[in-house]
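Report on the following structure.
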Amino acid sequence: MATPVDPDFRARLAALNDKFAATVPATLDKIRAALDACKADGAQPSHAALHQLHEVLHGVAGSAGTFGFTVFGQEARRVEQMVRAVLATDSGWPPVVPEVEKLLAWALRDAKAAQYD
C-alpha cells in the first residue's frame, strides 16, 4: 500500500480517477440497457434481466466511491438493494423503474456531484 509520503501516489490516484470517469458514459449505457431489458419483459421482469441490472448497479456501488464518485456509488447501492429485494421476493418491481431512471438522469448531468437531487 502506498504511504502519504509516496510522491507518485496522488498522481496515480488521479489517473485512476480519470480512467473511471471515462467509463461512466458506458456504464450508464449498460444500466439503461439492463433497465430496458427488464421493462421489455412486462409487468415482472425475468430473473435474468433483473440479475443483469443488479450486477451493473453492484459494480458501480462497489467502485464509484473509491474514485471520487461517492454519491453515485451510494445511490447505485440504494437502487441495487431495491433490485435485490425484487429478485428475492418476485415482487416490488414497479417502484424500481423510476428510481433507476432518476439515477440515470442525475448521473448524466454530473455523476460526480456531491448531492443527489
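We label chains A, B, ... in the order they appear in the C-alpha cells, count residues from 1 in each chain, and number ligands from 1 in the order shown.
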Can you list, as a list in words, every protein, DNA or RNA residue that comes within 7 Å of Ala61 of chain A when you count only C-alpha atoms, leaving out same-chain residues fewer than 4 positions away?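 Surrounding residues, per the criterion: Leu57, Gly73, Gln74, Ala76 and Arg77 of chain A.
All residues of segment 29-63 of chain A that DSSP, run on the backbone, classes as alpha helix (DSSP H) are Asp29, Lys30, Ile31, Arg32, Ala33, Ala34, Leu35, Asp36, Ala37, Cys38, Lys39, Ala40, His47, Ala48, Ala49, Leu50, His51, Gln52, Leu53, His54, Glu55, Val56, Leu57, His58, Gly59, Val60, Ala61, Gly62 and Ser63 of chain A.
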Next, the residues of the selection above should be written as a tab-separated table (two decimals), in the first residue's frame with N, CA and C atoms.
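The resulting file, selection.tsv, is reproduced below:
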```tsv
chain	number	residue	atom	x	y	z
A	29	ASP	N	-24.84	3.56	-20.05
A	29	ASP	CA	-25.46	2.84	-21.16
A	29	ASP	C	-25.81	1.41	-20.75
A	30	LYS	N	-24.94	0.77	-19.97
A	30	LYS	CA	-25.21	-0.59	-19.51
A	30	LYS	C	-26.40	-0.63	-18.56
A	31	ILE	N	-26.47	0.36	-17.68
A	31	ILE	CA	-27.62	0.44	-16.77
A	31	ILE	C	-28.90	0.63	-17.58
A	32	ARG	N	-28.86	1.52	-18.55
A	32	ARG	CA	-30.04	1.79	-19.40
A	32	ARG	C	-30.45	0.53	-20.16
A	33	ALA	N	-29.49	-0.17	-20.73
A	33	ALA	CA	-29.79	-1.39	-21.48
A	33	ALA	C	-30.40	-2.45	-20.57
A	34	ALA	N	-29.86	-2.59	-19.37
A	34	ALA	CA	-30.40	-3.57	-18.43
A	34	ALA	C	-31.80	-3.18	-17.99
A	35	LEU	N	-32.03	-1.91	-17.75
A	35	LEU	CA	-33.37	-1.44	-17.40
A	35	LEU	C	-34.34	-1.69	-18.55
A	36	ASP	N	-33.92	-1.37	-19.76
A	36	ASP	CA	-34.78	-1.60	-20.93
A	36	ASP	C	-35.13	-3.08	-21.09
A	37	ALA	N	-34.17	-3.96	-20.82
A	37	ALA	CA	-34.44	-5.40	-20.90
A	37	ALA	C	-35.47	-5.81	-19.84
A	38	CYS	N	-35.35	-5.23	-18.67
A	38	CYS	CA	-36.34	-5.52	-17.61
A	38	CYS	C	-37.72	-5.03	-18.01
A	39	LYS	N	-37.78	-3.84	-18.55
A	39	LYS	CA	-39.08	-3.27	-18.95
A	39	LYS	C	-39.69	-4.04	-20.10
A	40	ALA	N	-38.86	-4.58	-20.98
A	40	ALA	CA	-39.36	-5.34	-22.13
A	40	ALA	C	-40.04	-6.63	-21.71
A	47	HIS	N	-35.79	-13.18	-14.05
A	47	HIS	CA	-34.66	-13.16	-13.13
A	47	HIS	C	-33.37	-12.83	-13.88
A	48	ALA	N	-33.24	-13.27	-15.10
A	48	ALA	CA	-32.03	-12.99	-15.88
A	48	ALA	C	-31.88	-11.49	-16.12
A	49	ALA	N	-32.97	-10.84	-16.49
A	49	ALA	CA	-32.92	-9.39	-16.74
A	49	ALA	C	-32.65	-8.63	-15.44
A	50	LEU	N	-33.31	-9.03	-14.36
A	50	LEU	CA	-33.08	-8.39	-13.07
A	50	LEU	C	-31.65	-8.60	-12.59
A	51	HIS	N	-31.14	-9.79	-12.80
A	51	HIS	CA	-29.78	-10.10	-12.39
A	51	HIS	C	-28.78	-9.20	-13.13
A	52	GLN	N	-29.00	-8.98	-14.41
A	52	GLN	CA	-28.11	-8.10	-15.18
A	52	GLN	C	-28.14	-6.68	-14.62
A	53	LEU	N	-29.33	-6.17	-14.33
A	53	LEU	CA	-29.46	-4.83	-13.75
A	53	LEU	C	-28.76	-4.78	-12.40
A	54	HIS	N	-28.98	-5.80	-11.60
A	54	HIS	CA	-28.35	-5.86	-10.28
A	54	HIS	C	-26.82	-5.85	-10.42
A	55	GLU	N	-26.30	-6.63	-11.33
A	55	GLU	CA	-24.84	-6.73	-11.49
A	55	GLU	C	-24.20	-5.40	-11.87
A	56	VAL	N	-24.80	-4.69	-12.80
A	56	VAL	CA	-24.20	-3.42	-13.21
A	56	VAL	C	-24.30	-2.39	-12.09
A	57	LEU	N	-25.41	-2.35	-11.38
A	57	LEU	CA	-25.55	-1.44	-10.25
A	57	LEU	C	-24.57	-1.81	-9.13
A	58	HIS	N	-24.40	-3.09	-8.91
A	58	HIS	CA	-23.47	-3.57	-7.89
A	58	HIS	C	-22.04	-3.13	-8.21
A	59	GLY	N	-21.68	-3.21	-9.47
A	59	GLY	CA	-20.34	-2.77	-9.87
A	59	GLY	C	-20.11	-1.30	-9.60
A	60	VAL	N	-21.10	-0.48	-9.92
A	60	VAL	CA	-20.99	0.95	-9.65
A	60	VAL	C	-20.92	1.20	-8.15
A	61	ALA	N	-21.80	0.54	-7.41
A	61	ALA	CA	-21.85	0.73	-5.96
A	61	ALA	C	-20.52	0.37	-5.31
A	62	GLY	N	-19.86	-0.63	-5.83
A	62	GLY	CA	-18.62	-1.07	-5.24
A	62	GLY	C	-17.40	-0.27	-5.61
A	63	SER	N	-17.45	0.45	-6.70
A	63	SER	CA	-16.23	1.13	-7.16
A	63	SER	C	-16.33	2.65	-7.22
```
Test item: residues at most 9 Å from Phe69 of chain A, only C-alpha atoms, excluding those fewer than 3 positions along its chain, as a PyMOL selection string: chain A and resi 17+21+63-66+72-74+111-114
Expected file: the selected residues, C-alpha atoms, as a compact mmCIF listing (two decimals), in the first residue's frame:
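File written: selection-v3.txt
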```txt
# COMPACT_ATOMS: atom_id res chain seq x y z
CA ASN A 17 -9.99 8.61 -11.13
CA ALA A 21 -14.62 8.91 -15.10
CA SER A 63 -16.23 1.13 -7.16
CA ALA A 64 -17.62 4.63 -7.63
CA GLY A 65 -16.78 5.92 -4.17
CA THR A 66 -13.19 4.78 -4.47
CA PHE A 72 -23.15 7.97 -7.42
CA GLY A 73 -21.92 4.90 -5.57
CA GLN A 74 -24.29 5.42 -2.67
CA ALA A 111 -22.12 11.67 -11.87
CA LYS A 112 -19.52 13.25 -9.62
CA ALA A 113 -21.96 15.69 -7.98
CA ALA A 114 -21.87 15.80 -4.21
```
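Closest approach to Glu101 of chain A among A:Ala14, A:Ala26, A:Val79, A:Ala43: A:Val79, based on only C-alpha atoms.
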